Number of protein chains: 2
Amino acid sequence: MKDQNCIFCKIANGEIPAATLYEDEDFRVILDLGPASKGHALILPKEHAANLYELPDALAGKAMILAKKIASKLSVALKCDGFNIVQNNGEAAGQTVFHFHIHLIPRYKGDTVNVTWQPGILTEEDKKEILEIFR
Amino acid sequence: MKDQNCIFCKIANGEIPAATLYEDEDFRVILDLGPASKGHALILPKEHAANLYELPDALAGKAMILAKKIASKLSVALKCDGFNIVQNNGEAAGQTVFHFHIHLIPRYKGDTVNVTWQPGILTEEDKKEILEIFR
């Protein structure tokens with residue numbers, strides 16, 4: 001099901017043109033117009049899902065297998081030094097288009113991409129609280 | 001197959017204890033000891049694969065479905081504002097342990113996690129070169 005107001009629905013389904021690296025019945029893989037680095041691509045499901053939580057399991061699984069396939073191919077062809085696979089959910093996580101997508105970001109030594117964090121400390125209190133959620 | 005020198009093999013297979021949120025025959029999900037934020041968890045396959053390229057497709061697919069499941073549960077329980085799913089390949093991409101893993105990072109408004117990049121511009125030259133790889 002498509003969302004008539006979603007730009008990624010339109011791109012994924014070919015209503016708005018994009019530089020397409022790959023397409024199958026479930027997905028379109030395009031080049032990001034504002035790339036973090038050379039080769040930055042996006043995996044878009046054709047079916048609308050705002051985020052990972054809404055994406056059906058079967059598509060979530062296929063999306064990661066596709067991420068492997070495209071990242072492997074780009075990695076060899078572009079001779080990059082690394083690869084980030086990033087999937088953001090919610091504005092607080094940096095999501096700007098609310099249609100599930102996976103960022104495939106080739107990394108090059110000395111590039112300016114910043115996918116990192118200051119490691120904190122796992123406190124006993126947090127550990128206990130979170131383990132309790134899964135009990 | 002396990003790698004005898006790999007700490008994540010030992011953790012995934014229960015030889016080194018860790019705060020385990022979930023376990024099945026293929027994976028263990030643990031709390032990160034140096035969390036980016038409260039609830040930062042790691043999905044570790046029990047089988048050794050250095051990175052996404054080496055991970056069998058079946059496990060790549062299952063890993064993303066598991067990411068959805070755990071992130072959904074943590075998101076509700078911790079009432080976080082967003083979620084980053086991050087998977088790094090290679091030192092240049094920030095990978096520090098060379099056993100495939102997915103970071104599940106709950107995000108909270110005003111936190112200090114930095115999963116972002118300066119958007120560049122997709123040049124016609126790069127576009128042409130990269131499209132050629134997939135022709």
# chains A, B, ... in the order shown; residues from 1 in each chain; ligands from 1
$ closest_atom_pairs --of "chain B" --to "chain A" --cutoff "7 Å" --atoms "only C-alpha atoms" --output "tab-separated table"
residue	atom	partner	partner_atom	distance
B:Leu21	CA	A:Phe134	CA	5.7
B:Leu33	CA	A:Leu122	CA	5.2
B:Gly34	CA	A:Pro119	CA	4.5
B:Pro35	CA	A:Gly120	CA	5.0
B:Ala36	CA	A:Pro119	CA	5.1
B:Gly39	CA	A:Ile130	CA	6.8
B:Leu52	CA	A:Lys68	CA	6.0
B:Tyr53	CA	A:Ser72	CA	5.9
B:Asp57	CA	A:Ile65	CA	5.6
B:Ala60	CA	A:Ile65	CA	5.7
B:Gly61	CA	A:Gly61	CA	3.7
B:Lys62	CA	A:Gly61	CA	5.9
B:Met64	CA	A:Gly61	CA	5.6
B:Ile65	CA	A:Asp57	CA	5.6
B:Lys68	CA	A:Tyr53	CA	6.0
B:Ser72	CA	A:Tyr53	CA	5.9
B:Ala77	CA	A:Ile133	CA	6.9
B:Asp81	CA	A:Ala92	CA	5.7
B:Gly82	CA	A:Gly90	CA	4.5
B:Phe83	CA	A:Asn89	CA	5.0
B:Asn84	CA	A:Asn88	CA	4.7
B:Ile85	CA	A:Gln87	CA	5.0
B:Val86	CA	A:Val86	CA	4.6
B:Gln87	CA	A:Ile85	CA	5.0
B:Asn88	CA	A:Asn84	CA	4.6
B:Asn89	CA	A:Phe83	CA	5.0
B:Gly90	CA	A:Gly82	CA	4.5
B:Glu91	CA	A:Gly82	CA	6.7
B:Ala92	CA	A:Gly82	CA	5.2
B:Ala93	CA	A:Gly82	CA	4.9
B:Arg107	CA	A:Ala93	CA	5.8
B:Tyr108	CA	A:Ala92	CA	6.5
B:Lys109	CA	A:Ala92	CA	5.7
B:Val113	CA	A:Trp117	CA	5.1
B:Asn114	CA	A:Trp117	CA	5.7
B:Val115	CA	A:Val115	CA	4.4
B:Thr116	CA	A:Asn114	CA	5.7
B:Trp117	CA	A:Val113	CA	5.1
B:Gln118	CA	A:Ala36	CA	6.0
B:Pro119	CA	A:Gly34	CA	4.5
B:Gly120	CA	A:Gly34	CA	4.9
B:Ile121	CA	A:Gly34	CA	5.0
B:Leu122	CA	A:Leu33	CA	5.2
B:Ile130	CA	A:Gly39	CA	6.7
B:Leu131	CA	A:Leu21	CA	5.9
B:Ile133	CA	A:Ala77	CA	6.9
B:Phe134	CA	A:Leu21	CA	5.8
$ calpha_fit_and_write --fixed "chain B" --moving "chain A" --output "PDB file with C-alpha atoms, in the first residue's frame"
ATOM      1  CA  MET A   1      32.054 -22.038  13.198  1.00  0.00           C
ATOM      2  CA  LYS A   2      33.646 -20.109  16.026  1.00  0.00           C
ATOM      3  CA  ASP A   3      36.880 -18.160  15.961  1.00  0.00           C
ATOM      4  CA  GLN A   4      38.901 -19.078  19.078  1.00  0.00           C
ATOM      5  CA  ASN A   5      40.382 -15.597  19.339  1.00  0.00           C
ATOM      6  CA  CYS A   6      37.139 -13.643  18.947  1.00  0.00           C
ATOM      7  CA  ILE A   7      35.627 -12.129  22.077  1.00  0.00           C
ATOM      8  CA  PHE A   8      32.178 -11.777  20.494  1.00  0.00           C
ATOM      9  CA  CYS A   9      32.237 -15.490  19.596  1.00  0.00           C
ATOM     10  CA  LYS A  10      32.862 -16.223  23.272  1.00  0.00           C
ATOM     11  CA  ILE A  11      30.120 -13.858  24.439  1.00  0.00           C
ATOM     12  CA  ALA A  12      27.587 -15.003  21.816  1.00  0.00           C
ATOM     13  CA  ASN A  13      28.167 -18.631  22.748  1.00  0.00           C
ATOM     14  CA  GLY A  14      27.993 -18.036  26.513  1.00  0.00           C
ATOM     15  CA  GLU A  15      31.670 -18.646  27.309  1.00  0.00           C
ATOM     16  CA  ILE A  16      31.989 -15.108  28.646  1.00  0.00           C
ATOM     17  CA  PRO A  17      28.974 -13.833  30.604  1.00  0.00           C
ATOM     18  CA  ALA A  18      27.062 -10.780  29.386  1.00  0.00           C
ATOM     19  CA  ALA A  19      23.778  -9.057  30.209  1.00  0.00           C
ATOM     20  CA  THR A  20      21.583 -11.050  27.838  1.00  0.00           C
ATOM     21  CA  LEU A  21      18.250  -9.654  26.684  1.00  0.00           C
ATOM     22  CA  TYR A  22      17.477 -12.435  24.228  1.00  0.00           C
ATOM     23  CA  GLU A  23      18.944 -15.682  22.933  1.00  0.00           C
ATOM     24  CA  ASP A  24      18.001 -18.211  20.283  1.00  0.00           C
ATOM     25  CA  GLU A  25      19.914 -20.815  18.310  1.00  0.00           C
ATOM     26  CA  ASP A  26      21.466 -18.228  15.994  1.00  0.00           C
ATOM     27  CA  PHE A  27      21.875 -15.065  18.064  1.00  0.00           C
ATOM     28  CA  ARG A  28      22.476 -13.499  21.446  1.00  0.00           C
ATOM     29  CA  VAL A  29      21.377  -9.930  22.178  1.00  0.00           C
ATOM     30  CA  ILE A  30      23.318  -8.209  24.947  1.00  0.00           C
ATOM     31  CA  LEU A  31      23.584  -4.801  26.562  1.00  0.00           C
ATOM     32  CA  ASP A  32      26.594  -2.810  25.358  1.00  0.00           C
ATOM     33  CA  LEU A  33      29.055  -2.205  28.228  1.00  0.00           C
ATOM     34  CA  GLY A  34      29.862   1.254  26.832  1.00  0.00           C
ATOM     35  CA  PRO A  35      26.372   2.389  25.869  1.00  0.00           C
ATOM     36  CA  ALA A  36      25.737   5.404  23.672  1.00  0.00           C
ATOM     37  CA  SER A  37      22.438   5.773  25.523  1.00  0.00           C
ATOM     38  CA  LYS A  38      20.258   3.891  27.971  1.00  0.00           C
ATOM     39  CA  GLY A  39      19.243   0.589  26.411  1.00  0.00           C
ATOM     40  CA  HIS A  40      22.048   0.382  23.807  1.00  0.00           C
ATOM     41  CA  ALA A  41      22.102  -3.286  22.804  1.00  0.00           C
ATOM     42  CA  LEU A  42      24.086  -5.468  20.403  1.00  0.00           C
ATOM     43  CA  ILE A  43      22.880  -8.311  18.220  1.00  0.00           C
ATOM     44  CA  LEU A  44      25.588 -10.974  17.917  1.00  0.00           C
ATOM     45  CA  PRO A  45      25.341 -14.041  15.682  1.00  0.00           C
ATOM     46  CA  LYS A  46      26.743 -17.169  17.333  1.00  0.00           C
ATOM     47  CA  GLU A  47      28.488 -18.098  14.114  1.00  0.00           C
ATOM     48  CA  HIS A  48      31.621 -16.091  13.364  1.00  0.00           C
ATOM     49  CA  ALA A  49      31.504 -13.628  10.467  1.00  0.00           C
ATOM     50  CA  ALA A  50      33.860 -10.658  10.478  1.00  0.00           C
ATOM     51  CA  ASN A  51      31.344  -8.346   8.834  1.00  0.00           C
ATOM     52  CA  LEU A  52      28.140  -8.115   6.795  1.00  0.00           C
ATOM     53  CA  TYR A  53      29.880  -9.318   3.633  1.00  0.00           C
ATOM     54  CA  GLU A  54      30.840 -12.606   5.325  1.00  0.00           C
ATOM     55  CA  LEU A  55      27.512 -13.183   7.068  1.00  0.00           C
ATOM     56  CA  PRO A  56      25.322 -15.785   5.324  1.00  0.00           C
ATOM     57  CA  ASP A  57      22.171 -14.279   3.784  1.00  0.00           C
ATOM     58  CA  ALA A  58      19.865 -16.290   6.032  1.00  0.00           C
ATOM     59  CA  LEU A  59      21.511 -14.843   9.151  1.00  0.00           C
ATOM     60  CA  ALA A  60      21.554 -11.318   7.698  1.00  0.00           C
ATOM     61  CA  GLY A  61      17.800 -11.543   7.162  1.00  0.00           C
ATOM     62  CA  LYS A  62      17.112 -12.989  10.597  1.00  0.00           C
ATOM     63  CA  ALA A  63      19.334 -10.338  12.217  1.00  0.00           C
ATOM     64  CA  MET A  64      17.184  -7.477  10.862  1.00  0.00           C
ATOM     65  CA  ILE A  65      13.951  -9.157  11.894  1.00  0.00           C
ATOM     66  CA  LEU A  66      15.459  -9.555  15.349  1.00  0.00           C
ATOM     67  CA  ALA A  67      16.551  -5.886  15.321  1.00  0.00           C
ATOM     68  CA  LYS A  68      12.933  -4.940  14.655  1.00  0.00           C
ATOM     69  CA  LYS A  69      11.671  -7.150  17.461  1.00  0.00           C
ATOM     70  CA  ILE A  70      14.138  -5.961  20.111  1.00  0.00           C
ATOM     71  CA  ALA A  71      14.025  -2.274  19.093  1.00  0.00           C
ATOM     72  CA  SER A  72      10.218  -2.328  19.138  1.00  0.00           C
ATOM     73  CA  LYS A  73      10.147  -3.816  22.617  1.00  0.00           C
ATOM     74  CA  LEU A  74      12.845  -1.461  23.993  1.00  0.00           C
ATOM     75  CA  SER A  75      11.196   1.553  22.365  1.00  0.00           C
ATOM     76  CA  VAL A  76       7.895   0.952  24.147  1.00  0.00           C
ATOM     77  CA  ALA A  77       9.437  -0.008  27.489  1.00  0.00           C
ATOM     78  CA  LEU A  78      12.004   2.796  27.637  1.00  0.00           C
ATOM     79  CA  LYS A  79       9.689   5.396  26.065  1.00  0.00           C
ATOM     80  CA  CYS A  80      12.576   6.614  23.920  1.00  0.00           C
ATOM     81  CA  ASP A  81      12.076   9.191  21.177  1.00  0.00           C
ATOM     82  CA  GLY A  82      13.811   7.354  18.350  1.00  0.00           C
ATOM     83  CA  PHE A  83      16.068   4.486  17.433  1.00  0.00           C
ATOM     84  CA  ASN A  84      19.221   4.075  15.342  1.00  0.00           C
ATOM     85  CA  ILE A  85      20.075   0.718  13.855  1.00  0.00           C
ATOM     86  CA  VAL A  86      23.794   0.851  13.007  1.00  0.00           C
ATOM     87  CA  GLN A  87      26.048  -1.806  11.550  1.00  0.00           C
ATOM     88  CA  ASN A  88      29.682  -0.917  10.911  1.00  0.00           C
ATOM     89  CA  ASN A  89      32.052  -2.735   8.577  1.00  0.00           C
ATOM     90  CA  GLY A  90      35.776  -2.022   8.718  1.00  0.00           C
ATOM     91  CA  GLU A  91      37.901   0.158  10.969  1.00  0.00           C
ATOM     92  CA  ALA A  92      37.289   3.190   8.726  1.00  0.00           C
ATOM     93  CA  ALA A  93      33.576   2.780   9.481  1.00  0.00           C
ATOM     94  CA  GLY A  94      34.104   2.611  13.247  1.00  0.00           C
ATOM     95  CA  GLN A  95      34.066  -1.169  13.630  1.00  0.00           C
ATOM     96  CA  THR A  96      36.176  -2.119  16.651  1.00  0.00           C
ATOM     97  CA  VAL A  97      35.347  -5.813  17.129  1.00  0.00           C
ATOM     98  CA  PHE A  98      35.625  -7.819  13.953  1.00  0.00           C
ATOM     99  CA  HIS A  99      32.640 -10.063  14.500  1.00  0.00           C
ATOM    100  CA  PHE A 100      29.462  -8.871  12.772  1.00  0.00           C
ATOM    101  CA  HIS A 101      27.143  -7.006  15.141  1.00  0.00           C
ATOM    102  CA  ILE A 102      24.217  -4.638  14.942  1.00  0.00           C
ATOM    103  CA  HIS A 103      23.990  -1.691  17.318  1.00  0.00           C
ATOM    104  CA  LEU A 104      20.485  -0.951  18.584  1.00  0.00           C
ATOM    105  CA  ILE A 105      20.642   2.585  19.950  1.00  0.00           C
ATOM    106  CA  PRO A 106      17.627   4.130  21.668  1.00  0.00           C
ATOM    107  CA  ARG A 107      17.546   7.892  21.152  1.00  0.00           C
ATOM    108  CA  TYR A 108      16.276  10.512  23.552  1.00  0.00           C
ATOM    109  CA  LYS A 109      15.642  14.185  22.753  1.00  0.00           C
ATOM    110  CA  GLY A 110      18.755  16.169  23.638  1.00  0.00           C
ATOM    111  CA  ASP A 111      21.052  13.143  23.946  1.00  0.00           C
ATOM    112  CA  THR A 112      24.665  13.320  22.793  1.00  0.00           C
ATOM    113  CA  VAL A 113      24.617  10.494  20.268  1.00  0.00           C
ATOM    114  CA  ASN A 114      25.923  11.606  16.907  1.00  0.00           C
ATOM    115  CA  VAL A 115      24.805   9.473  13.984  1.00  0.00           C
ATOM    116  CA  THR A 116      24.846  12.073  11.269  1.00  0.00           C
ATOM    117  CA  TRP A 117      26.717  13.460   8.303  1.00  0.00           C
ATOM    118  CA  GLN A 118      27.143  16.593   6.246  1.00  0.00           C
ATOM    119  CA  PRO A 119      25.134  16.047   3.080  1.00  0.00           C
ATOM    120  CA  GLY A 120      27.266  16.522  -0.007  1.00  0.00           C
ATOM    121  CA  ILE A 121      26.122  16.806  -3.604  1.00  0.00           C
ATOM    122  CA  LEU A 122      25.609  13.928  -5.982  1.00  0.00           C
ATOM    123  CA  THR A 123      27.710  14.993  -8.959  1.00  0.00           C
ATOM    124  CA  GLU A 124      26.856  13.884 -12.497  1.00  0.00           C
ATOM    125  CA  GLU A 125      30.301  12.313 -12.727  1.00  0.00           C
ATOM    126  CA  ASP A 126      29.859  10.158  -9.606  1.00  0.00           C
ATOM    127  CA  LYS A 127      26.304   9.276 -10.594  1.00  0.00           C
ATOM    128  CA  LYS A 128      27.419   8.077 -14.013  1.00  0.00           C
ATOM    129  CA  GLU A 129      30.327   6.088 -12.583  1.00  0.00           C
ATOM    130  CA  ILE A 130      28.226   4.360  -9.926  1.00  0.00           C
ATOM    131  CA  LEU A 131      25.280   3.613 -12.220  1.00  0.00           C
ATOM    132  CA  GLU A 132      27.808   1.955 -14.523  1.00  0.00           C
ATOM    133  CA  ILE A 133      28.753  -0.506 -11.744  1.00  0.00           C
ATOM    134  CA  PHE A 134      25.203  -1.827 -11.700  1.00  0.00           C
ATOM    135  CA  ARG A 135      24.610  -1.926 -15.452  1.00  0.00           C
TER     136      ARG A 135
END
$ select_by_dssp --residues "stretch 13-134 of chain B" --states "strand (DSSP E or B)" --output "ChimeraX atom specification"
/B:20-23,27-31,41-45,82-89,102-107,114-116
$ select_by_dssp --residues "stretch 25-73 of chain B" --states "alpha helix (DSSP H)" --output "PyMOL selection string"
chain B and resi 57-73
$ decode --residues "stretch 40-82 of chain A" --atoms "N, CA and C atoms" --output "PDB file, in the first residue's frame"
ATOM      1  N   HIS A  40      26.960   6.764  -1.552  1.00  0.00           N
ATOM      2  CA  HIS A  40      25.888   6.700  -0.538  1.00  0.00           C
ATOM      3  C   HIS A  40      24.557   6.355  -1.221  1.00  0.00           C
ATOM      4  N   ALA A  41      23.997   5.223  -0.846  1.00  0.00           N
ATOM      5  CA  ALA A  41      22.766   4.742  -1.480  1.00  0.00           C
ATOM      6  C   ALA A  41      21.681   4.513  -0.434  1.00  0.00           C
ATOM      7  N   LEU A  42      20.452   4.421  -0.901  1.00  0.00           N
ATOM      8  CA  LEU A  42      19.296   4.200  -0.021  1.00  0.00           C
ATOM      9  C   LEU A  42      18.507   2.997  -0.514  1.00  0.00           C
ATOM     10  N   ILE A  43      18.131   2.138   0.405  1.00  0.00           N
ATOM     11  CA  ILE A  43      17.226   1.037   0.086  1.00  0.00           C
ATOM     12  C   ILE A  43      15.817   1.462   0.475  1.00  0.00           C
ATOM     13  N   LEU A  44      14.921   1.477  -0.489  1.00  0.00           N
ATOM     14  CA  LEU A  44      13.524   1.878  -0.242  1.00  0.00           C
ATOM     15  C   LEU A  44      12.576   0.734  -0.555  1.00  0.00           C
ATOM     16  N   PRO A  45      11.766   0.296   0.402  1.00  0.00           N
ATOM     17  CA  PRO A  45      10.712  -0.665   0.053  1.00  0.00           C
ATOM     18  C   PRO A  45       9.624   0.047  -0.756  1.00  0.00           C
ATOM     19  N   LYS A  46       9.004  -0.674  -1.668  1.00  0.00           N
ATOM     20  CA  LYS A  46       7.930  -0.067  -2.473  1.00  0.00           C
ATOM     21  C   LYS A  46       6.659   0.123  -1.651  1.00  0.00           C
ATOM     22  N   GLU A  47       6.488  -0.764  -0.687  1.00  0.00           N
ATOM     23  CA  GLU A  47       5.346  -0.677   0.214  1.00  0.00           C
ATOM     24  C   GLU A  47       5.643   0.382   1.280  1.00  0.00           C
ATOM     25  N   HIS A  48       4.635   1.166   1.637  1.00  0.00           N
ATOM     26  CA  HIS A  48       4.873   2.195   2.650  1.00  0.00           C
ATOM     27  C   HIS A  48       4.926   1.605   4.060  1.00  0.00           C
ATOM     28  N   ALA A  49       5.960   1.975   4.787  1.00  0.00           N
ATOM     29  CA  ALA A  49       6.066   1.705   6.229  1.00  0.00           C
ATOM     30  C   ALA A  49       6.838   2.892   6.768  1.00  0.00           C
ATOM     31  N   ALA A  50       6.344   3.530   7.806  1.00  0.00           N
ATOM     32  CA  ALA A  50       6.987   4.746   8.296  1.00  0.00           C
ATOM     33  C   ALA A  50       8.369   4.463   8.864  1.00  0.00           C
ATOM     34  N   ASN A  51       8.541   3.270   9.416  1.00  0.00           N
ATOM     35  CA  ASN A  51       9.789   2.959  10.121  1.00  0.00           C
ATOM     36  C   ASN A  51       9.944   1.441  10.253  1.00  0.00           C
ATOM     37  N   LEU A  52      11.007   1.033  10.932  1.00  0.00           N
ATOM     38  CA  LEU A  52      11.283  -0.407  11.078  1.00  0.00           C
ATOM     39  C   LEU A  52      10.157  -1.127  11.805  1.00  0.00           C
ATOM     40  N   TYR A  53       9.568  -0.467  12.795  1.00  0.00           N
ATOM     41  CA  TYR A  53       8.505  -1.106  13.582  1.00  0.00           C
ATOM     42  C   TYR A  53       7.314  -1.499  12.708  1.00  0.00           C
ATOM     43  N   GLU A  54       7.043  -0.668  11.698  1.00  0.00           N
ATOM     44  CA  GLU A  54       5.868  -0.894  10.826  1.00  0.00           C
ATOM     45  C   GLU A  54       6.166  -1.820   9.652  1.00  0.00           C
ATOM     46  N   LEU A  55       7.449  -2.040   9.386  1.00  0.00           N
ATOM     47  CA  LEU A  55       7.819  -2.843   8.210  1.00  0.00           C
ATOM     48  C   LEU A  55       7.549  -4.333   8.486  1.00  0.00           C
ATOM     49  N   PRO A  56       6.846  -5.021   7.583  1.00  0.00           N
ATOM     50  CA  PRO A  56       6.623  -6.450   7.808  1.00  0.00           C
ATOM     51  C   PRO A  56       7.960  -7.217   7.922  1.00  0.00           C
ATOM     52  N   ASP A  57       7.976  -8.234   8.759  1.00  0.00           N
ATOM     53  CA  ASP A  57       9.200  -9.008   8.984  1.00  0.00           C
ATOM     54  C   ASP A  57       9.844  -9.479   7.681  1.00  0.00           C
ATOM     55  N   ALA A  58       9.018  -9.962   6.757  1.00  0.00           N
ATOM     56  CA  ALA A  58       9.589 -10.513   5.521  1.00  0.00           C
ATOM     57  C   ALA A  58      10.385  -9.455   4.763  1.00  0.00           C
ATOM     58  N   LEU A  59       9.867  -8.214   4.762  1.00  0.00           N
ATOM     59  CA  LEU A  59      10.578  -7.129   4.073  1.00  0.00           C
ATOM     60  C   LEU A  59      11.806  -6.688   4.860  1.00  0.00           C
ATOM     61  N   ALA A  60      11.719  -6.703   6.179  1.00  0.00           N
ATOM     62  CA  ALA A  60      12.879  -6.355   7.012  1.00  0.00           C
ATOM     63  C   ALA A  60      14.029  -7.316   6.708  1.00  0.00           C
ATOM     64  N   GLY A  61      13.712  -8.589   6.643  1.00  0.00           N
ATOM     65  CA  GLY A  61      14.742  -9.599   6.349  1.00  0.00           C
ATOM     66  C   GLY A  61      15.336  -9.406   4.964  1.00  0.00           C
ATOM     67  N   LYS A  62      14.456  -9.233   3.979  1.00  0.00           N
ATOM     68  CA  LYS A  62      14.943  -9.047   2.605  1.00  0.00           C
ATOM     69  C   LYS A  62      15.787  -7.773   2.476  1.00  0.00           C
ATOM     70  N   ALA A  63      15.403  -6.733   3.226  1.00  0.00           N
ATOM     71  CA  ALA A  63      16.125  -5.456   3.143  1.00  0.00           C
ATOM     72  C   ALA A  63      17.582  -5.629   3.569  1.00  0.00           C
ATOM     73  N   MET A  64      17.834  -6.428   4.614  1.00  0.00           N
ATOM     74  CA  MET A  64      19.214  -6.594   5.094  1.00  0.00           C
ATOM     75  C   MET A  64      20.027  -7.459   4.138  1.00  0.00           C
ATOM     76  N   ILE A  65      19.373  -8.437   3.539  1.00  0.00           N
ATOM     77  CA  ILE A  65      20.072  -9.270   2.556  1.00  0.00           C
ATOM     78  C   ILE A  65      20.442  -8.407   1.339  1.00  0.00           C
ATOM     79  N   LEU A  66      19.543  -7.508   0.994  1.00  0.00           N
ATOM     80  CA  LEU A  66      19.810  -6.588  -0.109  1.00  0.00           C
ATOM     81  C   LEU A  66      20.926  -5.598   0.263  1.00  0.00           C
ATOM     82  N   ALA A  67      20.926  -5.140   1.519  1.00  0.00           N
ATOM     83  CA  ALA A  67      21.993  -4.251   1.995  1.00  0.00           C
ATOM     84  C   ALA A  67      23.349  -4.939   1.840  1.00  0.00           C
ATOM     85  N   LYS A  68      23.399  -6.211   2.193  1.00  0.00           N
ATOM     86  CA  LYS A  68      24.643  -6.972   2.048  1.00  0.00           C
ATOM     87  C   LYS A  68      25.077  -7.023   0.581  1.00  0.00           C
ATOM     88  N   LYS A  69      24.122  -7.331  -0.266  1.00  0.00           N
ATOM     89  CA  LYS A  69      24.421  -7.484  -1.698  1.00  0.00           C
ATOM     90  C   LYS A  69      24.942  -6.175  -2.331  1.00  0.00           C
ATOM     91  N   ILE A  70      24.235  -5.086  -2.054  1.00  0.00           N
ATOM     92  CA  ILE A  70      24.611  -3.802  -2.665  1.00  0.00           C
ATOM     93  C   ILE A  70      25.908  -3.263  -2.047  1.00  0.00           C
ATOM     94  N   ALA A  71      26.028  -3.362  -0.719  1.00  0.00           N
ATOM     95  CA  ALA A  71      27.243  -2.868  -0.049  1.00  0.00           C
ATOM     96  C   ALA A  71      28.467  -3.663  -0.509  1.00  0.00           C
ATOM     97  N   SER A  72      28.295  -4.971  -0.672  1.00  0.00           N
ATOM     98  CA  SER A  72      29.422  -5.800  -1.125  1.00  0.00           C
ATOM     99  C   SER A  72      29.879  -5.357  -2.508  1.00  0.00           C
ATOM    100  N   LYS A  73      28.917  -5.148  -3.387  1.00  0.00           N
ATOM    101  CA  LYS A  73      29.245  -4.769  -4.762  1.00  0.00           C
ATOM    102  C   LYS A  73      29.900  -3.372  -4.814  1.00  0.00           C
ATOM    103  N   LEU A  74      29.310  -2.415  -4.070  1.00  0.00           N
ATOM    104  CA  LEU A  74      29.858  -1.052  -4.039  1.00  0.00           C
ATOM    105  C   LEU A  74      31.252  -1.041  -3.422  1.00  0.00           C
ATOM    106  N   SER A  75      31.431  -1.839  -2.366  1.00  0.00           N
ATOM    107  CA  SER A  75      32.702  -1.875  -1.653  1.00  0.00           C
ATOM    108  C   SER A  75      33.846  -2.294  -2.576  1.00  0.00           C
ATOM    109  N   VAL A  76      33.597  -3.317  -3.373  1.00  0.00           N
ATOM    110  CA  VAL A  76      34.629  -3.794  -4.306  1.00  0.00           C
ATOM    111  C   VAL A  76      34.860  -2.762  -5.411  1.00  0.00           C
ATOM    112  N   ALA A  77      33.759  -2.270  -5.986  1.00  0.00           N
ATOM    113  CA  ALA A  77      33.885  -1.372  -7.142  1.00  0.00           C
ATOM    114  C   ALA A  77      34.480  -0.019  -6.771  1.00  0.00           C
ATOM    115  N   LEU A  78      34.115   0.497  -5.605  1.00  0.00           N
ATOM    116  CA  LEU A  78      34.593   1.830  -5.215  1.00  0.00           C
ATOM    117  C   LEU A  78      35.886   1.764  -4.397  1.00  0.00           C
ATOM    118  N   LYS A  79      36.306   0.547  -4.077  1.00  0.00           N
ATOM    119  CA  LYS A  79      37.519   0.351  -3.255  1.00  0.00           C
ATOM    120  C   LYS A  79      37.465   1.219  -1.989  1.00  0.00           C
ATOM    121  N   CYS A  80      36.309   1.231  -1.333  1.00  0.00           N
ATOM    122  CA  CYS A  80      36.210   2.028  -0.109  1.00  0.00           C
ATOM    123  C   CYS A  80      36.843   1.255   1.054  1.00  0.00           C
ATOM    124  N   ASP A  81      37.046   1.968   2.170  1.00  0.00           N
ATOM    125  CA  ASP A  81      37.753   1.366   3.296  1.00  0.00           C
ATOM    126  C   ASP A  81      36.824   0.791   4.358  1.00  0.00           C
ATOM    127  N   GLY A  82      35.531   1.069   4.232  1.00  0.00           N
ATOM    128  CA  GLY A  82      34.580   0.566   5.211  1.00  0.00           C
ATOM    129  C   GLY A  82      33.177   0.896   4.747  1.00  0.00           C
TER     130      GLY A  82
END
